[in-house]
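Asker: Quick one, structure.cif (mmCIF, C-alpha atoms):
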```cif
data_start
loop_
_atom_site.label_atom_id
_atom_site.label_comp_id
_atom_site.auth_asym_id
_atom_site.auth_seq_id
_atom_site.Cartn_x
_atom_site.Cartn_y
_atom_site.Cartn_z
CA VAL A 23 115.50 114.20 89.77
CA VAL A 24 118.32 113.05 92.06
CA LEU A 25 120.62 115.76 90.69
CA LEU A 26 117.93 118.42 91.11
CA LEU A 27 117.31 117.39 94.71
CA THR A 28 121.04 117.32 95.41
CA PHE A 29 121.39 120.81 93.94
CA LEU A 30 118.41 122.04 96.00
CA HIS A 31 119.89 120.48 99.14
CA LEU A 32 123.28 122.10 98.53
CA CYS A 33 121.65 125.51 97.96
CA ILE A 34 119.70 125.18 101.20
CA PHE A 35 122.84 123.95 102.99
CA ALA A 36 124.81 126.98 101.77
CA THR A 37 122.00 129.37 102.78
CA VAL A 38 121.64 127.88 106.26
CA SER A 39 125.45 127.92 106.70
CA TRP A 40 125.53 131.60 105.77
CA PHE A 41 122.79 132.46 108.28
CA GLN A 42 124.47 130.40 110.99
CA GLY A 43 127.78 132.07 110.25
CA LYS A 44 126.27 135.55 110.57
CA LYS A 45 124.54 134.54 113.77
CA GLN A 46 127.76 133.35 115.35
CA SER A 47 130.12 135.91 113.84
CA GLY A 48 130.02 138.09 116.94
CA ALA A 49 130.29 135.22 119.41
CA ASN A 50 133.51 133.77 120.83
CA ASN A 51 134.27 130.23 119.75
CA ASN A 52 135.94 128.44 122.64
CA GLY A 53 134.81 124.95 121.70
CA GLY A 54 137.18 124.50 118.81
CA SER A 55 136.61 121.64 116.41
CA LYS A 56 133.91 120.07 118.58
CA ASN A 57 131.69 123.12 118.11
CA ASP A 58 132.48 123.15 114.40
CA ASP A 59 131.45 119.49 114.08
CA ALA A 60 128.26 120.10 116.04
CA ASN A 61 127.40 123.10 113.87
CA LEU A 62 128.05 121.13 110.68
CA THR A 63 125.80 118.31 111.88
CA SER A 64 123.07 120.77 112.81
CA ILE A 65 123.26 122.57 109.45
CA SER A 66 123.21 119.24 107.59
CA LYS A 67 120.07 118.12 109.42
CA ILE A 68 118.31 121.45 108.95
CA SER A 69 119.02 121.46 105.20
CA PHE A 70 117.90 117.81 104.97
CA ARG A 71 114.61 118.60 106.75
CA LEU A 72 113.97 121.67 104.57
CA THR A 73 114.66 119.74 101.37
CA ASN A 74 112.20 117.07 102.47
CA LEU A 75 109.60 119.69 103.38
CA LEU A 76 109.83 121.47 100.01
CA THR A 77 109.81 118.21 98.05
CA ASN A 78 106.82 116.82 99.92
CA PHE A 79 104.95 120.10 99.51
CA PHE A 80 105.62 120.11 95.76
CA LEU A 81 104.60 116.46 95.33
CA GLY A 82 101.45 117.01 97.41
CA ILE A 83 100.29 120.09 95.48
CA PHE A 84 101.33 118.65 92.09
CA GLY A 85 99.51 115.42 92.88
CA LEU A 86 96.41 117.20 94.14
CA TYR A 87 96.21 119.26 90.94
CA HIS A 88 96.38 116.19 88.68
CA TYR A 89 94.11 114.19 90.98
CA ILE A 90 91.42 116.86 90.59
CA TYR A 91 91.93 118.05 87.01
CA SER A 92 93.70 115.27 85.05
CA ILE A 93 92.26 112.00 86.34
CA PRO A 94 88.69 111.18 85.24
CA SER A 95 86.30 109.39 87.57
CA MET A 96 86.15 105.60 87.50
CA SER A 97 82.74 105.72 85.84
CA GLN A 98 84.34 107.49 82.88
CA THR A 99 87.11 104.94 82.36
CA ILE A 100 87.34 101.21 81.72
CA ILE A 101 89.27 98.97 84.07
CA THR A 102 91.94 98.02 81.50
CA ASP A 103 92.82 101.69 81.05
CA ARG A 104 93.12 102.14 84.79
CA ILE A 105 95.54 99.21 84.93
CA GLN A 106 97.54 99.70 81.73
CA GLY A 107 96.88 103.27 80.59
CA PHE A 108 97.54 106.81 81.77
CA GLU A 109 101.19 106.79 80.64
CA ASP A 110 101.22 110.56 81.04
CA GLN A 111 101.06 110.04 84.82
CA THR A 112 104.38 108.16 84.79
CA ILE A 113 105.96 111.46 85.86
CA PHE A 114 104.81 110.74 89.42
CA SER A 115 106.56 107.36 89.45
CA ILE A 116 109.75 108.93 88.12
CA LEU A 117 109.62 111.70 90.73
CA GLN A 118 109.18 109.14 93.51
CA ILE A 119 112.07 107.01 92.23
CA GLY A 120 114.35 110.04 92.18
CA TYR A 121 113.15 111.32 95.55
CA ASN A 122 113.66 107.99 97.30
CA LEU A 123 117.04 107.38 95.65
CA TRP A 124 118.08 110.69 97.19
CA SER A 125 116.30 110.12 100.53
CA LEU A 126 117.69 106.63 101.14
CA PRO A 127 121.39 107.50 101.64
CA MET A 128 120.63 110.98 103.00
CA GLY A 129 118.25 109.55 105.58
CA ILE A 130 120.84 107.01 106.72
CA PHE A 131 123.91 109.26 106.89
CA VAL A 132 122.44 112.73 107.54
CA GLY A 133 118.93 112.37 108.91
CA LYS A 134 119.83 109.37 111.07
CA GLU A 135 116.40 107.93 110.29
CA LYS A 136 115.09 104.76 111.87
CA ARG A 137 115.30 101.41 110.12
CA SER A 138 111.55 101.47 109.49
CA MET A 139 111.96 104.66 107.43
CA THR A 140 114.78 103.08 105.43
CA LEU A 141 112.52 100.13 104.65
CA HIS A 142 109.79 102.61 103.67
CA HIS A 143 112.12 104.23 101.10
CA ILE A 144 113.05 100.82 99.67
CA ALA A 145 109.39 99.78 99.43
CA ALA A 146 108.49 103.09 97.76
CA LEU A 147 111.30 102.58 95.25
CA CYS A 148 110.00 99.10 94.37
CA VAL A 149 106.38 100.23 93.96
CA ALA A 150 107.34 103.32 91.93
CA THR A 151 109.57 101.20 89.67
CA VAL A 152 106.69 98.82 88.93
CA SER A 153 104.42 101.77 88.12
CA ALA A 154 107.02 103.44 85.90
CA PHE A 155 108.35 100.51 83.90
CA CYS A 156 105.75 97.73 83.94
CA TYR A 157 102.95 97.42 81.37
CA ASN A 158 100.39 96.92 84.14
CA GLY A 159 101.52 99.99 86.08
CA PHE A 160 98.24 101.11 87.72
CA ARG A 161 99.18 104.68 86.75
CA TYR A 162 95.58 105.82 87.16
CA ASN A 163 96.31 105.91 90.91
CA ALA A 164 99.79 107.47 90.63
CA PRO A 165 98.77 111.10 91.36
CA PHE A 166 97.18 109.98 94.62
CA PHE A 167 99.70 107.42 95.89
CA PHE A 168 102.83 109.25 94.68
CA GLY A 169 101.56 112.80 95.08
CA VAL A 170 98.54 113.67 97.22
CA ILE A 171 99.50 111.62 100.27
CA GLU A 172 102.89 113.35 100.52
CA ILE A 173 101.12 116.48 101.79
CA SER A 174 100.85 114.80 105.19
CA SER A 175 104.65 114.67 105.37
CA VAL A 176 104.97 118.48 105.32
CA PRO A 177 104.10 119.00 109.02
CA LEU A 178 106.07 115.82 109.80
CA SER A 179 109.23 117.44 108.40
CA VAL A 180 108.76 120.42 110.72
CA MET A 181 108.01 118.09 113.65
CA ASN A 182 111.27 116.23 112.98
CA TYR A 183 113.12 119.55 113.10
CA PHE A 184 111.58 120.22 116.52
CA LYS A 185 112.65 116.75 117.64
CA ASP A 186 116.19 117.48 116.48
CA ASN A 187 116.13 120.58 118.69
CA LYS A 188 114.39 119.65 121.93
CA ALA A 189 114.72 123.18 123.27
CA LEU A 190 112.30 124.38 120.58
CA ILE A 191 109.61 122.05 121.91
CA GLN A 192 110.01 123.62 125.35
CA LYS A 193 110.11 127.13 123.89
CA TYR A 194 107.16 126.75 121.50
CA PRO A 195 104.94 124.01 122.97
CA ALA A 196 101.76 125.39 121.36
CA ALA A 197 103.31 125.41 117.88
CA TYR A 198 104.59 121.85 118.31
CA SER A 199 101.18 120.66 119.53
CA SER A 200 99.49 122.36 116.57
CA LEU A 201 101.89 120.63 114.18
CA ARG A 202 101.12 117.26 115.74
CA ILE A 203 97.37 117.84 115.39
CA LEU A 204 97.77 119.00 111.78
CA PHE A 205 99.88 115.94 110.99
CA VAL A 206 97.31 113.57 112.52
CA VAL A 207 94.45 115.22 110.59
CA LEU A 208 96.30 115.11 107.26
CA PHE A 209 97.57 111.58 107.89
CA ILE A 210 94.14 110.17 108.71
CA THR A 211 92.51 112.05 105.83
CA THR A 212 95.00 111.10 103.10
CA ARG A 213 96.52 107.83 104.32
CA VAL A 214 93.46 106.22 105.91
CA ILE A 215 90.15 107.68 104.71
CA TYR A 216 91.13 108.29 101.06
CA TRP A 217 93.85 105.63 100.97
CA THR A 218 91.49 102.73 101.77
CA PRO A 219 89.20 102.91 98.70
CA HIS A 220 92.16 103.54 96.38
CA MET A 221 94.04 100.55 97.77
CA CYS A 222 90.92 98.37 97.53
CA HIS A 223 90.61 99.37 93.88
CA VAL A 224 94.25 98.47 93.17
CA LEU A 225 93.91 95.12 94.96
CA ARG A 226 90.70 94.34 93.09
CA CYS A 227 92.38 95.11 89.77
CA SER A 228 95.38 93.00 90.77
CA VAL A 229 93.12 90.01 91.43
CA LEU A 230 91.46 90.47 88.05
CA LEU A 231 94.88 90.26 86.37
CA THR A 232 95.20 86.65 87.56
CA TYR A 233 92.23 85.55 85.43
#
```
Can you dump the structure from the file as structure tokens?

Answerer:
Amino acid sequence: VVLLLTFLHLCIFATVSWFQGKKQSGANNNGGSKNDDANLTSISKISFRLTNLLTNFFLGIFGLYHYIYSIPSMSQTIITDRIQGFEDQTIFSILQIGYNLWSLPMGIFVGKEKRSMTLHHIAALCVATVSAFCYNGFRYNAPFFFGVIEISSVPLSVMNYFKDNKALIQKYPAAYSSLRILFVVLFITTRVIYWTPHMCHVLRCSVLLTY
């Protein structure tokens, strides 16, 4: 997964570099190496944001599909299966491990993410590792926690691109406002309204494991 994401990132980086090169081919470059460094930083951030956007979109749609079509309702399963079974859903844990192993260094060195986001990646790695490799992996909930909720990060990736380029916020204020509203709606829907009952279920099952 890490290699695939790295390959995707490099392809996007090369594509963005090509477009930037064509855009600036007719312009005079009087800034020398400083302009080159600034352009490289800009291209690196754009390719990082696009890779995140595509990955989050894939995880969200992939998770939504399995959440709807592959996971039976709780009334159709027994609690031990929800805690220990559904090994076929381990794919979501593996995808999250690979994604966060890629995101952790890239977020630090390229995306310049805040410390809270770095801690988020580390926490996601720990949780996904438990789900992937532990007998009591709670894989029944994997399509939701490791897939569906990532759909809210799609508009966030675009918002971060706007924040990297403040002029775009001034130029397209309506688009930026729409993105913020979309992000809030998706965040509240997936990470609050639907998240709460799923987390309560996991916590309830965790308590039962102590008996």

Asker: Which polymer residues have any atom within 9 Å of an atom of segment 88-97 of chain A, counting all atoms listed in the file, with same-chain residues fewer than 5 positions away left out, as a ChimeraX atom specification?

Answerer: /A:83,104,108,111,162-166,169-170

Asker: Please produce a file of the residues just selected, as a PDB file, in the frame of the given file, where the atoms kept are C-alpha atoms.

Answerer:
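Output saved as part.pdb:
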```pdb
ATOM      1  CA  ILE A  83     100.290 120.090  95.480  1.00  0.00           C
ATOM      2  CA  ARG A 104      93.120 102.140  84.790  1.00  0.00           C
ATOM      3  CA  PHE A 108      97.540 106.810  81.770  1.00  0.00           C
ATOM      4  CA  GLN A 111     101.060 110.040  84.820  1.00  0.00           C
ATOM      5  CA  TYR A 162      95.580 105.820  87.160  1.00  0.00           C
ATOM      6  CA  ASN A 163      96.310 105.910  90.910  1.00  0.00           C
ATOM      7  CA  ALA A 164      99.790 107.470  90.630  1.00  0.00           C
ATOM      8  CA  PRO A 165      98.770 111.100  91.360  1.00  0.00           C
ATOM      9  CA  PHE A 166      97.180 109.980  94.620  1.00  0.00           C
ATOM     10  CA  GLY A 169     101.560 112.800  95.080  1.00  0.00           C
ATOM     11  CA  VAL A 170      98.540 113.670  97.220  1.00  0.00           C
TER      12      VAL A 170
END
```

Asker: Given only C-alpha atoms as the basis, pick out the residue of A:Leu30, A:Ile171, A:Val132, A:Ile101 nearest to Asp186 of chain A.

Answerer: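 Smallest separation from Asp186 of chain A among the options: A:Val132.
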
Asker: Using all atoms listed in the file, which of the listed residues (A:His220, A:His143, A:Arg161, A:Arg137) sits closest to Gln106 of chain A?

Answerer: A:Arg161

Asker: For the atom pair atom CA of Leu178 of chain A and atom CA of Leu72 of chain A, what is the interatomic distance in Å to one decimal place?

Answerer: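 Interatomic distance here is 11.1 Å.
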
Asker: Atom CA of Cys33 of chain A and atom CA of Lys188 of chain A, how far apart in Å?

Answerer: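 Here the two named atoms are 25.7 Å from each other.
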
Asker: Please write as JSON, numbers by chain the list of polymer residues whose atoms come within 12 Å of (107.9, 99.9, 82.8), counting only C-alpha atoms and keeping to the coordinates of the file.

Answerer: {"A": [106, 107, 109, 112, 115, 116, 148, 149, 150, 151, 152, 153, 154, 155, 156, 157, 158, 159, 160, 161]}

Asker: My list of candidates is A:Thr232, A:Thr102, A:Ser138, A:Ser39. Which is closest to Lys67 of chain A when distances are computed with all atoms listed in the file?

Answerer: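 For Lys67 of chain A, the nearest of the candidates is A:Ser39.
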
Asker: Please indicate the distance in Å from atom CA of Ile68 of chain A to atom CA of Tyr183 of chain A, rounded to one decimal place.

Answerer: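 Value for the atom CA of Ile68 of chain A-atom CA of Tyr183 of chain A distance: 6.9 Å.
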
Asker: Quick one: residues within 8 Å of Ala146 of chain A, all atoms listed in the file, excluding same-chain residues fewer than 6 positions away - as a list in words?

Answerer: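 Skipping anything fewer than 6 positions along the chain leaves Gln118, Ile119 and Asn122 of chain A.
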
Asker: A:Phe35, A:Trp217, A:Phe168, A:Phe70: which is nearest Leu86 of chain A, counting only C-alpha atoms?

Answerer: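 Of A:Phe35, A:Trp217, A:Phe168, A:Phe70, the one nearest Leu86 of chain A is A:Phe168, counting only C-alpha atoms.
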
Asker: Find the residue from A:Arg226, A:Arg213, A:Arg202, A:His31 that sits nearest to Ile65 of chain A; use all atoms listed in the file when measuring.

Answerer: A:His31

Asker: Around all listed atoms of segment 89-94 of chain A, padded 4 Å per side, what centre and edge lengths does the axis-aligned box have in Å to one decimal, as lines of an AutoDock Vina configuration file?

Answerer:
```
center_x = 91.4
center_y = 114.6
center_z = 88.0
size_x = 13.4
size_y = 14.9
size_z = 13.9
```

Asker: Of the candidates A:Phe209, A:Tyr216, A:Tyr233, A:Phe184, which one gets nearest to Arg71 of chain A if we count all atoms listed in the file?

Answerer: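 Of all the options, A:Phe184 lies closest to Arg71 of chain A.
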
Asker: Got a sec to check which residues sit within 9 Å of (100.5, 120.8, 108.5), counting only C-alpha atoms, and write them as a list in words?

Answerer: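 Output: Ile173, Ser174, Ser175, Val176, Pro177, Leu178, Val180, Ser200, Leu201, Arg202, Ile203, Leu204, Phe205, Val206, Val207 and Leu208 of chain A.
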
Asker: On this structure, the PyMOL selection byres ((chain A and resi 23) around 8) would catch which residues? List them as a list in words, sorted by chain and number.

Answerer: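 On the file shown, the PyMOL selection byres ((chain A and resi 23) around 8) covers Val24, Leu25, Leu26, Leu27, Ile116, Leu117, Gly120 and Tyr121 of chain A.
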